[in-house]
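Asks: Here's a structure for you.
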Amino acid sequence: MQGKMKAIVKPERSPGAKLEQVPIPQINDHEVLIQVKATSICGTDVHIYSWDEWSQSRVNPPYVFGHEFAGVVVEKGKQVTNVEVGEHVSAETHIVCGECKQCRTGQAHICANTQIIGVDRDGCFAEYVALPAENLWKNDPDLPFDVASVQEPFGNGVHTVLAGDVAGKTVAIIGCGPIGIMAVGVAKACGASQVIAFDLNEYRLDLAKQMGATTVVNSMNEDPLEVVNQLTNQEGVDVVCEMSGHPIAMNQGFKMVTNGGRVSILSLPIRPVEIDVTNDIVFKGITVQGITGRKMYETWQQVSGLLSSGQVDVKPMITHHFPLEDFEKGFNLMIEGKCGKVVLHP
């Protein structure tokens, strides 16, 4: 397909972005061209838009960013056999090498040579996006495009919560950004006895409550450790899912987890965090796990199952819809914390 398309471009190494006309991507024999029907804004996109320290060290403008989407295949390469034109798809956003030690031992989600769309190469804040066919995930045509577009971040929440057993356990979700809110729903659906959500933002705590949190805690108004002790008979929670990246909140997470418990960390602190390893990790005998991306493609199967079964309904946390042209409104809402998930429609 030839011609131009609308796209949100990170034009230079400074805050902000621009809506521009750019060439429609051309595909090779192993790729597909997808017409983007819905694309959602991620915290990573906010980092890039705001031009913080992490983005300054990672991305190289000018390029099209964005990595969460749902769309329809409109063109496929000569050697593509796993998908047909007209099918509804989303995509695993980690493009991996298939040759490193991790890829060859079933751990492709931590491939040493990963490229992420919208971070390391052009992304999906556009009318069209080109991707390797092997990265596609086929969607049920009845799945609404806005819901389908949040499967990638939903997968992050699924991976974090289900990195260990949660059935019958007490689970703390620290940080109620969109992924934290979705993680609440996952923990509840998978049998957690209590799901305690922590944040400073009442708007997002309300969304966490809607997604199934049994207790919500504004850490500005209540002491998280005292609340946990009251709710767990002084024992601490079995599982902590750290989604905030804030040094104080992370330390509270390590202190509230019970002896022998688990701390799974998805958040990306922008600076080193000091942790009391001796008392909060070693003597407590806990498991600490870093979470990156989604297991390929085990997590995607879990995501699909949770959505299709109705066990998790992500619609309450999709709070805003805008045309692509109004992207700045969406980013401002994300920065202000006055939204759940914001979906753009090219």
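Order determines the names: the first chain of the structure tokens is A, the second B, and so forth; residues in each chain are numbered 1 upward, and ligands are numbered 1 upward as they are shown.
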Quick one: residues within 12 Å of Gly260 (chain A), only C-alpha atoms counted, chain neighbours fewer than 3 positions away excluded, as a list in words?

Replies: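 Final neighbour list, sorted by chain and number: Glu235, Gly236, Val237, Asp238, Val239, Val240, Phe254, Met256, Val257, Val263, Asp280, Ile281, Val282, Phe283, Lys284, Gly285, Ile286, Thr287 and Val288 of chain A.
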
Asks: Dump N, CA and C atoms for the selected residues as a PDB file, in the first residue's frame?

Replies:
```
ATOM      1  N   GLU A 235       0.050 -10.796  60.154  1.00  0.00           N
ATOM      2  CA  GLU A 235       0.908 -11.742  59.435  1.00  0.00           C
ATOM      3  C   GLU A 235       1.534 -11.157  58.169  1.00  0.00           C
ATOM      4  N   GLY A 236       0.909 -10.154  57.582  1.00  0.00           N
ATOM      5  CA  GLY A 236       1.394  -9.624  56.316  1.00  0.00           C
ATOM      6  C   GLY A 236       0.727 -10.313  55.135  1.00  0.00           C
ATOM      7  N   VAL A 237       0.843  -9.714  53.970  1.00  0.00           N
ATOM      8  CA  VAL A 237       0.210 -10.273  52.777  1.00  0.00           C
ATOM      9  C   VAL A 237       1.086 -11.362  52.157  1.00  0.00           C
ATOM     10  N   ASP A 238       0.441 -12.276  51.451  1.00  0.00           N
ATOM     11  CA  ASP A 238       1.170 -13.375  50.812  1.00  0.00           C
ATOM     12  C   ASP A 238       1.887 -12.929  49.540  1.00  0.00           C
ATOM     13  N   VAL A 239       1.267 -11.992  48.806  1.00  0.00           N
ATOM     14  CA  VAL A 239       1.796 -11.574  47.514  1.00  0.00           C
ATOM     15  C   VAL A 239       1.744 -10.055  47.410  1.00  0.00           C
ATOM     16  N   VAL A 240       2.831  -9.463  46.968  1.00  0.00           N
ATOM     17  CA  VAL A 240       2.872  -8.034  46.650  1.00  0.00           C
ATOM     18  C   VAL A 240       3.163  -7.884  45.168  1.00  0.00           C
ATOM     19  N   PHE A 254       7.947  -4.411  50.580  1.00  0.00           N
ATOM     20  CA  PHE A 254       8.831  -5.426  51.150  1.00  0.00           C
ATOM     21  C   PHE A 254       8.579  -5.629  52.637  1.00  0.00           C
ATOM     22  N   MET A 256       5.552  -5.231  54.106  1.00  0.00           N
ATOM     23  CA  MET A 256       4.225  -5.791  54.359  1.00  0.00           C
ATOM     24  C   MET A 256       4.091  -7.244  53.928  1.00  0.00           C
ATOM     25  N   VAL A 257       5.027  -7.752  53.127  1.00  0.00           N
ATOM     26  CA  VAL A 257       4.906  -9.137  52.677  1.00  0.00           C
ATOM     27  C   VAL A 257       5.254 -10.082  53.819  1.00  0.00           C
ATOM     28  N   VAL A 263       7.235 -11.061  46.182  1.00  0.00           N
ATOM     29  CA  VAL A 263       7.142  -9.698  45.677  1.00  0.00           C
ATOM     30  C   VAL A 263       7.468  -9.733  44.190  1.00  0.00           C
ATOM     31  N   ASP A 280      14.400  -7.474  55.077  1.00  0.00           N
ATOM     32  CA  ASP A 280      13.148  -7.542  54.315  1.00  0.00           C
ATOM     33  C   ASP A 280      13.157  -8.585  53.199  1.00  0.00           C
ATOM     34  N   ILE A 281      14.334  -9.155  52.922  1.00  0.00           N
ATOM     35  CA  ILE A 281      14.406 -10.200  51.896  1.00  0.00           C
ATOM     36  C   ILE A 281      14.999 -11.480  52.473  1.00  0.00           C
ATOM     37  N   VAL A 282      16.241 -11.403  52.944  1.00  0.00           N
ATOM     38  CA  VAL A 282      16.945 -12.619  53.367  1.00  0.00           C
ATOM     39  C   VAL A 282      16.291 -13.266  54.585  1.00  0.00           C
ATOM     40  N   PHE A 283      16.157 -12.521  55.695  1.00  0.00           N
ATOM     41  CA  PHE A 283      15.606 -13.110  56.912  1.00  0.00           C
ATOM     42  C   PHE A 283      14.125 -13.481  56.771  1.00  0.00           C
ATOM     43  N   LYS A 284      13.436 -12.850  55.824  1.00  0.00           N
ATOM     44  CA  LYS A 284      12.017 -13.190  55.603  1.00  0.00           C
ATOM     45  C   LYS A 284      11.864 -14.352  54.613  1.00  0.00           C
ATOM     46  N   GLY A 285      12.939 -14.700  53.927  1.00  0.00           N
ATOM     47  CA  GLY A 285      12.888 -15.848  53.014  1.00  0.00           C
ATOM     48  C   GLY A 285      11.909 -15.666  51.871  1.00  0.00           C
ATOM     49  N   ILE A 286      11.789 -14.430  51.364  1.00  0.00           N
ATOM     50  CA  ILE A 286      10.793 -14.180  50.324  1.00  0.00           C
ATOM     51  C   ILE A 286      11.375 -14.404  48.929  1.00  0.00           C
ATOM     52  N   THR A 287      10.487 -14.505  47.965  1.00  0.00           N
ATOM     53  CA  THR A 287      10.864 -14.579  46.558  1.00  0.00           C
ATOM     54  C   THR A 287      10.633 -13.223  45.925  1.00  0.00           C
ATOM     55  N   VAL A 288      11.637 -12.711  45.249  1.00  0.00           N
ATOM     56  CA  VAL A 288      11.539 -11.435  44.539  1.00  0.00           C
ATOM     57  C   VAL A 288      11.723 -11.700  43.050  1.00  0.00           C
TER      58      VAL A 288
END
```

Asks: Compile the contact shell of Asn156 (chain A) as a PyMOL selection string: residues with an atom at most 10 Å away, counting only C-alpha atoms, same-chain residues fewer than 4 positions apart removed.

Replies: chain A and resi 151-152+160-162+179-180+182-183+266+291-295+299-300+303

Asks: For Asp146 (chain A), list every protein, DNA or RNA residue within 7 Å, evaluated using only C-alpha atoms, and leave out those in the same chain fewer than 2 positions away; present the list as number ranges by chain.

Replies: A: 38, 144, 148-150, 343

Asks: One decimal, in Å: what's the spacing between CA of Ser57 (chain A) and CA of Thr44 (chain A)?

Replies: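 CA of Thr44 (chain A) lies 13.2 Å from CA of Ser57 (chain A).
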
Asks: Give me the residues within 10 Å of Asn332 (chain A) as a compact mmCIF listing (two decimals) with N, CA and C atoms, in the first residue's frame, counting only C-alpha atoms and dropping any in the same chain fewer than 6 places off.

Replies:
```txt
# COMPACT_ATOMS: atom_id res chain seq x y z
N VAL A 46 3.81 7.80 28.08
CA VAL A 46 3.85 9.04 28.85
C VAL A 46 5.29 9.41 29.17
N LYS A 338 -6.13 11.54 35.95
CA LYS A 338 -7.58 11.69 35.98
C LYS A 338 -8.26 10.77 34.98
N CYS A 339 -7.75 9.57 34.84
CA CYS A 339 -8.31 8.62 33.87
C CYS A 339 -7.88 7.22 34.26
```

Asks: As a tab-separated table (two decimals) with N, CA and C atoms, in the first residue's frame, please: all residues of region 251-300 of chain A that backbone DSSP puts in strand (DSSP E).

Replies:
```tsv
chain	number	residue	atom	x	y	z
A	257	VAL	N	5.03	-7.75	53.13
A	257	VAL	CA	4.91	-9.14	52.68
A	257	VAL	C	5.25	-10.08	53.82
A	258	THR	N	4.54	-11.19	53.92
A	258	THR	CA	4.75	-12.16	54.98
A	258	THR	C	6.03	-12.95	54.76
A	259	ASN	N	6.53	-13.56	55.81
A	259	ASN	CA	7.69	-14.44	55.66
A	259	ASN	C	7.36	-15.56	54.65
A	260	GLY	N	8.27	-15.75	53.71
A	260	GLY	CA	8.04	-16.78	52.69
A	260	GLY	C	7.15	-16.33	51.56
A	261	GLY	N	6.74	-15.04	51.57
A	261	GLY	CA	5.85	-14.54	50.52
A	261	GLY	C	6.58	-14.20	49.23
A	262	ARG	N	5.86	-13.51	48.35
A	262	ARG	CA	6.40	-13.17	47.03
A	262	ARG	C	6.21	-11.69	46.76
A	263	VAL	N	7.23	-11.06	46.18
A	263	VAL	CA	7.14	-9.70	45.68
A	263	VAL	C	7.47	-9.73	44.19
A	264	SER	N	6.49	-9.40	43.36
A	264	SER	CA	6.69	-9.34	41.91
A	264	SER	C	6.68	-7.88	41.49
A	265	ILE	N	7.72	-7.46	40.80
A	265	ILE	CA	7.92	-6.03	40.49
A	265	ILE	C	7.80	-5.79	39.00
A	287	THR	N	10.49	-14.50	47.97
A	287	THR	CA	10.86	-14.58	46.56
A	287	THR	C	10.63	-13.22	45.92
A	288	VAL	N	11.64	-12.71	45.25
A	288	VAL	CA	11.54	-11.44	44.54
A	288	VAL	C	11.72	-11.70	43.05
A	289	GLN	N	10.77	-11.21	42.26
A	289	GLN	CA	10.83	-11.49	40.82
A	289	GLN	C	10.57	-10.23	40.02
A	290	GLY	N	11.46	-9.96	39.08
A	290	GLY	CA	11.23	-8.89	38.12
A	290	GLY	C	10.33	-9.40	37.01
```

Asks: For Val166 (chain A), work out the shell of residues within 9 Å, counting only C-alpha atoms and skipping chain neighbours fewer than 2 positions away, then give it as JSON, numbers by chain.

Replies: {"A": [161, 162, 163, 164, 168, 169, 170, 171, 187, 188, 190, 191, 192, 193, 238, 239]}

Asks: Which is closest to Val89 (chain A) among A:Ala108, A:Ile318, A:Ile116, A:Leu33, if we use only C-alpha atoms?

Replies: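 Of A:Ala108, A:Ile318, A:Ile116, A:Leu33, the one nearest Val89 (chain A), counting only C-alpha atoms, is A:Leu33.
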
Asks: Measuring between only C-alpha atoms, which one of A:Ala167, A:Ile110, A:Leu344, A:Val312 shows the shortest distance to Gln194 (chain A)?

Replies: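 Going through A:Ala167, A:Ile110, A:Leu344, A:Val312 one by one, the smallest distance to Gln194 (chain A) is for A:Ala167.
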
Asks: With DSSP run on the backbone, what are the helix (DSSP H, G or I) residues within region 87-313 of chain A? I'd like them as a ChimeraX atom specification.

Replies: /A:103-105,108-110,133-135,145-149,151-161,178-189,202-210,224-231,247-256,277-282,298-308

Asks: Could you save the residues just selected, with C-alpha atoms, as a CSV table (one decimal), in the first residue's frame?

Replies:
```
chain,number,residue,atom,x,y,z
A,103,CYS,CA,14.6,-17.5,23.2
A,104,ARG,CA,15.9,-21.1,22.7
A,105,THR,CA,14.9,-22.1,26.3
A,108,ALA,CA,11.6,-15.3,24.7
A,109,HIS,CA,9.9,-12.6,26.8
A,110,ILE,CA,13.4,-11.8,28.2
A,133,ALA,CA,3.4,-12.0,11.2
A,134,GLU,CA,4.7,-14.2,14.0
A,135,ASN,CA,4.0,-11.4,16.6
A,145,PHE,CA,-11.5,-2.9,19.3
A,146,ASP,CA,-11.1,-0.8,22.5
A,147,VAL,CA,-11.0,-3.9,24.7
A,148,ALA,CA,-8.7,-5.7,22.3
A,149,SER,CA,-6.3,-2.8,22.3
A,151,GLN,CA,-4.7,-6.9,25.9
A,152,GLU,CA,-1.0,-6.1,25.8
A,153,PRO,CA,-0.9,-4.1,29.1
A,154,PHE,CA,-3.5,-6.4,30.6
A,155,GLY,CA,-1.0,-9.2,29.9
A,156,ASN,CA,1.5,-7.3,32.0
A,157,GLY,CA,-0.9,-7.4,34.9
A,158,VAL,CA,-1.7,-11.1,34.3
A,159,HIS,CA,2.0,-12.0,34.1
A,160,THR,CA,2.7,-10.1,37.4
A,161,VAL,CA,-0.2,-11.6,39.4
A,178,PRO,CA,-4.2,1.2,34.5
A,179,ILE,CA,-2.1,-2.0,34.8
A,180,GLY,CA,-2.4,-2.0,38.5
A,181,ILE,CA,-6.2,-1.6,38.2
A,182,MET,CA,-6.3,-4.5,35.8
A,183,ALA,CA,-4.1,-6.6,38.1
A,184,VAL,CA,-6.8,-6.1,40.8
A,185,GLY,CA,-9.3,-7.8,38.5
A,186,VAL,CA,-6.9,-10.6,37.7
A,187,ALA,CA,-6.1,-11.4,41.3
A,188,LYS,CA,-9.8,-11.4,42.2
A,189,ALA,CA,-10.8,-13.6,39.3
A,202,GLU,CA,-8.9,8.6,44.8
A,203,TYR,CA,-10.1,8.5,41.2
A,204,ARG,CA,-8.0,5.5,40.4
A,205,LEU,CA,-8.7,3.8,43.8
A,206,ASP,CA,-12.4,4.0,42.9
A,207,LEU,CA,-11.6,2.2,39.6
A,208,ALA,CA,-9.7,-0.4,41.6
A,209,LYS,CA,-12.8,-0.9,43.7
A,210,GLN,CA,-14.9,-1.3,40.6
A,224,PRO,CA,-0.3,1.0,54.5
A,225,LEU,CA,1.6,-1.2,57.0
A,226,GLU,CA,-1.0,-0.6,59.8
A,227,VAL,CA,-3.8,-1.4,57.4
A,228,VAL,CA,-2.2,-4.6,56.2
A,229,ASN,CA,-1.5,-5.7,59.8
A,230,GLN,CA,-5.1,-5.2,60.7
A,231,LEU,CA,-6.4,-7.1,57.7
A,247,PRO,CA,10.9,4.2,46.6
A,248,ILE,CA,8.7,4.7,49.7
A,249,ALA,CA,5.9,2.5,48.3
A,250,MET,CA,8.4,-0.2,47.2
A,251,ASN,CA,9.9,-0.3,50.7
A,252,GLN,CA,6.4,-0.6,52.2
A,253,GLY,CA,5.8,-3.5,49.9
A,254,PHE,CA,8.8,-5.4,51.2
A,255,LYS,CA,7.9,-4.7,54.7
A,256,MET,CA,4.2,-5.8,54.4
A,277,VAL,CA,18.0,-6.7,51.9
A,278,THR,CA,19.0,-8.3,55.2
A,279,ASN,CA,15.7,-7.8,57.1
A,280,ASP,CA,13.1,-7.5,54.3
A,281,ILE,CA,14.4,-10.2,51.9
A,282,VAL,CA,16.9,-12.6,53.4
A,298,GLU,CA,1.3,-18.4,27.5
A,299,THR,CA,0.3,-15.0,29.0
A,300,TRP,CA,-1.7,-14.2,25.8
A,301,GLN,CA,-3.6,-17.4,26.2
A,302,GLN,CA,-4.4,-16.5,29.8
A,303,VAL,CA,-5.5,-13.0,28.7
A,304,SER,CA,-7.8,-14.3,26.0
A,305,GLY,CA,-9.3,-16.8,28.4
A,306,LEU,CA,-10.0,-14.3,31.2
A,307,LEU,CA,-11.6,-11.9,28.7
A,308,SER,CA,-13.7,-14.4,26.7
```

Asks: Find the residues around Asn218 (chain A) up to 9 Å (only C-alpha atoms counted), leave out those fewer than 2 positions away in its own chain, and share them as a count of residues only.

Replies: 13

Asks: Go through A:Lys37, A:His94, A:Arg121, A:Lys4 one by one, measure the shortest atom-to-atom distance of each to Tyr63 (chain A) using only C-alpha atoms, and give the residue with the smallest value.

Replies: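 Ranked by minimum distance to Tyr63 (chain A), first place goes to A:Arg121.
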
Asks: Rounded to one decimal place, report the CA of Val83 (chain A)-CA of Leu131 (chain A) distance in Å.

Replies: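 It comes out at 12.2 Å.
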
Asks: Select, from A:Ala126, A:Val64, A:Ile335, A:Val342, the residue with the minimum atom-to-atom distance to His320 (chain A), counting only C-alpha atoms.

Replies: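 Smallest separation from His320 (chain A) among the options: A:Val342.
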
Asks: CA of Gly330 (chain A) to CA of Lys6 (chain A): how many Å, to one decimal?

Replies: 16.8 Å
